[in-house]
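Scroll down for the structure; my scribbles are underneath it.
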Amino acid sequence: MKTINTKESITVVCITIILIMSAPSVFAQPPDNAAVLYLRAFIVYEKPDSDFNKILDDLRDGKIKPNDQIRQYFEKNRPVIEFVTTASKIPDCDWGRDHSKGFDLMMPELATVRQLAFMLVADSKIYLNDADYKTSLERCLTIHRMARHVGDDLIISNLVGTAMNSLANKHIKIILSEMPADIETLEWLKNQMLDISSNTPSLMSAIINESKISVKEMRKEKIDQILENPEAEEVLKSLSKEQIEEIRNGTETFYEESRKYYLDFIASFQAAFALPYENAQRELNKLNEKIKKESLTNSKAILTATMSPPIAKLCTLEIRKNTDLNATNAAIDIYIAKAKTGQLPDELPQGLPKDMFSGEDFEYEKTNDGFILRCRGKDLSKDEIYQYEFKLKK
């Protein structure tokens, strides 16, 4: 799917969609559709130039403290932050994407939403510096809620949402390491994060949505666009010229059979995706090898081989996202236990969210300055075991 991020294109799209979407509910405050407020934020957002963006990067990375120049920039952009904060709390978000465009569908909002997520992190750092921990955390929660609004449609938008979830969790961890043991704020954060975790968009839903577009695009008049896709290059290398010509000159029966084969593949993918992680990876790798092999001899499998997503990798990304969220939620419970008793628990409390790579509780280890939550199962794509380190305020 295409994305565009030029200022001019975004402004035109924003104004058009705002007029269309806000017309029926001019007097609604806030509107029923979060996209209306996001798009208003896009219009008034003052994007930093490259030099000032470097300053904001240093602020986000903890290399500098907020100064007058930074505070003035955020004061100018205060309406932007108010728009996105309000928008993030609205349940529904319809970006007005025209799926009938198929592969030509444009999603200019993705780039700008990511920029606003980085802006929120920098604003969170200002409040952290000023010891306003709850507002600092609220900025991270807003990123999580925005991720829900961009990640419920297609694969690319879901992956952008996943990156935003990871960004928010990273900075929640930093805030937790610097804030005092405030039970009320920690309990509030726990409830907010539980709501976010229960409403995180499913990658499988995005895959199914995108498969519906792919099926519609599997037709003769689109074949050049399909075969020119960089993801099709590896498959095409293994085919003869005769096989490629057979696809280009395929009859409607050929395309109908290709579409059925693709839908059967997606159904098998969906079934494997629902298995525990290790079993899912095994089945998805088998399925991937099957498609590659059959595409060499079965012409109706070729389009599936060229258009299917990297299934095992996507499964791992979904498990990693959910494990990251679970580790953050489990850590908050441990911080609450510490706030109530004055010391870290000797053992992991019962009933905490689990490591999704293994389906078991995280391994818990106290350290000199905090604690570690370690996965018991590997990320099989990287042969790596993840661990999440949390520190206590000194």
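Each chain in the structure tokens gets a letter, A, B, ..., in the order shown, and its residues are numbered from 1; ligands are numbered from 1 in order too.
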
Next item on the list: For region 129-145 of chain A, work out the shell of residues within 6 Å, counting only C-alpha atoms and skipping chain neighbours fewer than 3 positions away, then give it as an MDAnalysis selection string.
Entry: chainID A and resid 85 88 117 120 124 126 148 165 168

Same residues, C-alpha atoms, output as a compact mmCIF listing (two decimals), in the first residue's frame:
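Result went into again.txt, see below:
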```
# COMPACT_ATOMS: atom_id res chain seq x y z
CA THR A 85 -5.45 13.81 23.31
CA SER A 88 -7.44 9.38 21.24
CA ALA A 117 3.73 10.36 18.66
CA LEU A 120 4.06 13.55 22.60
CA SER A 124 6.10 13.82 28.23
CA ILE A 126 8.95 18.12 29.87
CA ARG A 148 -5.39 1.76 18.32
CA ASN A 165 2.91 0.87 21.26
CA ALA A 168 4.93 4.38 24.51
```

Mind dumping a table of every region 261-319 of chain A residue within 8 Å of region 215-224 of chain A, with the nearest atom pair and its distance in Å to one decimal, using only C-alpha atoms, sorted by chain and rising number, as CSV?
```
residue,atom,partner,partner_atom,distance
A:Tyr262,CA,A:Val215,CA,7.6
A:Leu263,CA,A:Val215,CA,7.8
A:Leu303,CA,A:Met218,CA,7.7
```

Once you have the residues from the selection above, write them out as a CSV table (one decimal), in the first residue's frame, restricted to N, CA and C atoms.
```
chain,number,residue,atom,x,y,z
A,262,TYR,N,-5.7,-18.6,-3.1
A,262,TYR,CA,-5.3,-17.6,-2.1
A,262,TYR,C,-6.1,-17.5,-0.9
A,263,LEU,N,-7.4,-17.6,-1.1
A,263,LEU,CA,-8.3,-17.6,0.1
A,263,LEU,C,-8.1,-18.9,1.0
A,303,LEU,N,0.3,-16.6,-7.9
A,303,LEU,CA,-0.1,-15.3,-7.4
A,303,LEU,C,-0.1,-15.2,-5.9
```

Margin query: Would you pick out the contacts of Lys300 (chain A) at 7 Å or less, using only C-alpha atoms, so that residues sharing its chain but fewer than 6 positions from it are not included, and give the list as a count of residues only?
Written below: 4

Next item on the list: Name the closest residue to Leu314 (chain A) among the candidates A:Leu348, A:Leu56, A:Ala327, A:Ala280; distances are taken between atoms, counting only C-alpha atoms.
Entry: A:Ala280

Next item on the list: Apply DSSP to the structure's backbone, then extract all residues of region 158-275 of chain A labelled helix (DSSP H, G or I) and return them as an MDAnalysis selection string.
Entry: chainID A and resid 158:178 183:198 203:217 220:227 230:237 241:248 252:273

Would you put the residues from that selection into a file with C-alpha atoms, as an mmCIF file, in the first residue's frame?
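Result saved to out02.cif:
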```cif
data_model
loop_
_atom_site.group_PDB
_atom_site.id
_atom_site.type_symbol
_atom_site.label_atom_id
_atom_site.label_comp_id
_atom_site.auth_asym_id
_atom_site.auth_seq_id
_atom_site.Cartn_x
_atom_site.Cartn_y
_atom_site.Cartn_z
ATOM 1 C CA ASN A 158 -1.075 -2.148 12.117
ATOM 2 C CA LEU A 159 2.730 -2.205 12.062
ATOM 3 C CA VAL A 160 2.838 1.570 12.530
ATOM 4 C CA GLY A 161 0.513 1.114 15.506
ATOM 5 C CA THR A 162 2.777 -1.598 16.897
ATOM 6 C CA ALA A 163 5.802 0.716 16.649
ATOM 7 C CA MET A 164 3.836 3.370 18.517
ATOM 8 C CA ASN A 165 2.912 0.872 21.259
ATOM 9 C CA SER A 166 6.585 0.028 21.657
ATOM 10 C CA LEU A 167 7.529 3.722 21.811
ATOM 11 C CA ALA A 168 4.932 4.384 24.513
ATOM 12 C CA ASN A 169 6.014 1.378 26.607
ATOM 13 C CA LYS A 170 9.653 2.411 26.384
ATOM 14 C CA HIS A 171 8.919 5.800 27.897
ATOM 15 C CA ILE A 172 6.442 4.521 30.476
ATOM 16 C CA LYS A 173 9.331 2.402 31.728
ATOM 17 C CA ILE A 174 11.524 5.521 32.035
ATOM 18 C CA ILE A 175 8.834 7.417 33.949
ATOM 19 C CA LEU A 176 8.287 4.499 36.334
ATOM 20 C CA SER A 177 12.007 4.473 37.085
ATOM 21 C CA GLU A 178 12.004 8.159 38.062
ATOM 22 C CA ILE A 183 -0.026 4.070 44.828
ATOM 23 C CA GLU A 184 -2.873 6.209 43.495
ATOM 24 C CA THR A 185 -1.062 7.084 40.259
ATOM 25 C CA LEU A 186 0.153 3.504 39.786
ATOM 26 C CA GLU A 187 -3.365 2.090 40.270
ATOM 27 C CA TRP A 188 -4.687 4.639 37.769
ATOM 28 C CA LEU A 189 -1.956 3.665 35.289
ATOM 29 C CA LYS A 190 -2.735 -0.033 35.757
ATOM 30 C CA ASN A 191 -6.399 0.496 34.892
ATOM 31 C CA GLN A 192 -5.549 2.633 31.868
ATOM 32 C CA MET A 193 -3.071 0.056 30.553
ATOM 33 C CA LEU A 194 -5.515 -2.830 31.043
ATOM 34 C CA ASP A 195 -8.036 -0.955 28.915
ATOM 35 C CA ILE A 196 -5.398 -0.298 26.251
ATOM 36 C CA SER A 197 -4.272 -3.943 26.216
ATOM 37 C CA SER A 198 -7.836 -5.208 25.831
ATOM 38 C CA LEU A 203 -2.793 -8.043 13.263
ATOM 39 C CA MET A 204 -4.841 -10.961 11.958
ATOM 40 C CA SER A 205 -7.814 -8.655 11.429
ATOM 41 C CA ALA A 206 -5.571 -6.351 9.399
ATOM 42 C CA ILE A 207 -4.286 -9.312 7.363
ATOM 43 C CA ILE A 208 -7.833 -10.443 6.598
ATOM 44 C CA ASN A 209 -8.817 -6.904 5.581
ATOM 45 C CA GLU A 210 -5.832 -6.690 3.270
ATOM 46 C CA SER A 211 -6.512 -10.142 1.824
ATOM 47 C CA LYS A 212 -9.936 -8.907 0.708
ATOM 48 C CA ILE A 213 -8.208 -6.154 -1.263
ATOM 49 C CA SER A 214 -5.663 -8.598 -2.689
ATOM 50 C CA VAL A 215 -8.401 -10.932 -3.914
ATOM 51 C CA LYS A 216 -10.107 -8.067 -5.744
ATOM 52 C CA GLU A 217 -6.770 -7.084 -7.293
ATOM 53 C CA LYS A 220 -5.722 -9.658 -15.594
ATOM 54 C CA GLU A 221 -5.748 -5.862 -15.875
ATOM 55 C CA LYS A 222 -3.678 -5.652 -12.651
ATOM 56 C CA ILE A 223 -1.166 -8.362 -13.451
ATOM 57 C CA ASP A 224 1.694 -6.035 -14.449
ATOM 58 C CA GLN A 225 1.371 -4.174 -11.144
ATOM 59 C CA ILE A 226 1.358 -7.470 -9.236
ATOM 60 C CA LEU A 227 4.436 -8.829 -11.006
ATOM 61 C CA PRO A 230 9.392 -5.963 -5.265
ATOM 62 C CA GLU A 231 8.025 -8.733 -3.027
ATOM 63 C CA ALA A 232 7.298 -10.814 -6.148
ATOM 64 C CA GLU A 233 10.902 -10.668 -7.386
ATOM 65 C CA GLU A 234 12.149 -13.753 -5.536
ATOM 66 C CA VAL A 235 9.236 -15.885 -6.739
ATOM 67 C CA LEU A 236 9.592 -14.745 -10.339
ATOM 68 C CA LYS A 237 13.286 -15.666 -10.389
ATOM 69 C CA LYS A 241 9.394 -17.316 -19.158
ATOM 70 C CA GLU A 242 6.615 -19.671 -20.239
ATOM 71 C CA GLN A 243 5.140 -19.710 -16.727
ATOM 72 C CA ILE A 244 5.217 -15.918 -16.496
ATOM 73 C CA GLU A 245 3.562 -15.612 -19.897
ATOM 74 C CA GLU A 246 0.903 -18.093 -18.788
ATOM 75 C CA ILE A 247 0.067 -15.759 -15.923
ATOM 76 C CA ARG A 248 0.025 -12.655 -18.125
ATOM 77 C CA GLU A 252 -10.796 -15.668 -16.170
ATOM 78 C CA THR A 253 -10.908 -19.316 -15.053
ATOM 79 C CA PHE A 254 -7.210 -19.111 -14.188
ATOM 80 C CA TYR A 255 -7.748 -15.991 -12.073
ATOM 81 C CA GLU A 256 -10.815 -17.455 -10.401
ATOM 82 C CA GLU A 257 -8.818 -20.559 -9.416
ATOM 83 C CA SER A 258 -5.931 -18.349 -8.243
ATOM 84 C CA ARG A 259 -8.272 -16.359 -6.023
ATOM 85 C CA LYS A 260 -9.687 -19.536 -4.487
ATOM 86 C CA TYR A 261 -6.183 -20.857 -3.845
ATOM 87 C CA TYR A 262 -5.255 -17.564 -2.134
ATOM 88 C CA LEU A 263 -8.337 -17.633 0.104
ATOM 89 C CA ASP A 264 -7.552 -21.228 1.107
ATOM 90 C CA PHE A 265 -4.024 -20.094 1.967
ATOM 91 C CA ILE A 266 -5.335 -17.244 4.135
ATOM 92 C CA ALA A 267 -7.662 -19.674 5.944
ATOM 93 C CA SER A 268 -4.725 -22.018 6.668
ATOM 94 C CA PHE A 269 -2.641 -19.035 7.774
ATOM 95 C CA GLN A 270 -5.400 -17.907 10.123
ATOM 96 C CA ALA A 271 -5.686 -21.352 11.708
ATOM 97 C CA ALA A 272 -1.918 -21.599 12.269
ATOM 98 C CA PHE A 273 -1.725 -18.026 13.596
#
```

Which residues come within 12 Å of Thr367 (chain A), counting only C-alpha atoms, excluding same-chain residues fewer than 3 positions away, as a PDB file with C-alpha atoms, in the first residue's frame?
```
ATOM      1  CA  LEU A 344      10.042  -5.531  45.950  1.00  0.00           C
ATOM      2  CA  PRO A 345       8.324  -8.926  46.253  1.00  0.00           C
ATOM      3  CA  ASP A 346      10.678 -11.878  46.536  1.00  0.00           C
ATOM      4  CA  TYR A 364      11.421 -12.593  37.665  1.00  0.00           C
ATOM      5  CA  GLY A 370      15.202  -2.744  40.271  1.00  0.00           C
ATOM      6  CA  PHE A 371      14.060  -5.939  38.615  1.00  0.00           C
ATOM      7  CA  ILE A 372      14.007  -7.859  35.341  1.00  0.00           C
ATOM      8  CA  LEU A 373      11.144  -9.682  33.645  1.00  0.00           C
ATOM      9  CA  GLU A 389      14.624  -4.251  32.812  1.00  0.00           C
ATOM     10  CA  PHE A 390      12.810  -1.927  35.213  1.00  0.00           C
ATOM     11  CA  LYS A 391      14.521   0.404  37.668  1.00  0.00           C
ATOM     12  CA  LEU A 392      13.438   2.017  40.914  1.00  0.00           C
TER      13      LEU A 392
END
```

Check: Taking only C-alpha atoms into account, which of A:Phe103, A:Tyr335, A:Tyr386, A:Phe362 comes nearest Ala181 (chain A)?
Finding: A:Tyr335

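Note that the spacing between CA of Asp355 (chain A) and CA of Glu384 (chain A) amounts to 13.6 Å.
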
Next item on the list: Record the distance separating CA of Tyr127 (chain A) and CA of Pro201 (chain A), expressed in Å with one decimal.
Entry: 28.7 Å

Note to self: Would you compute the distance between CA of Leu239 (chain A) and CA of Ile155 (chain A)? Give it in Å to one decimal.
What the structure shows: 27.5 Å

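Comparing A:Val44, A:Ile385, A:Ile319, A:Val150 by their smallest distance to Ala111 (chain A), the closest is A:Val150 (using only C-alpha atoms).
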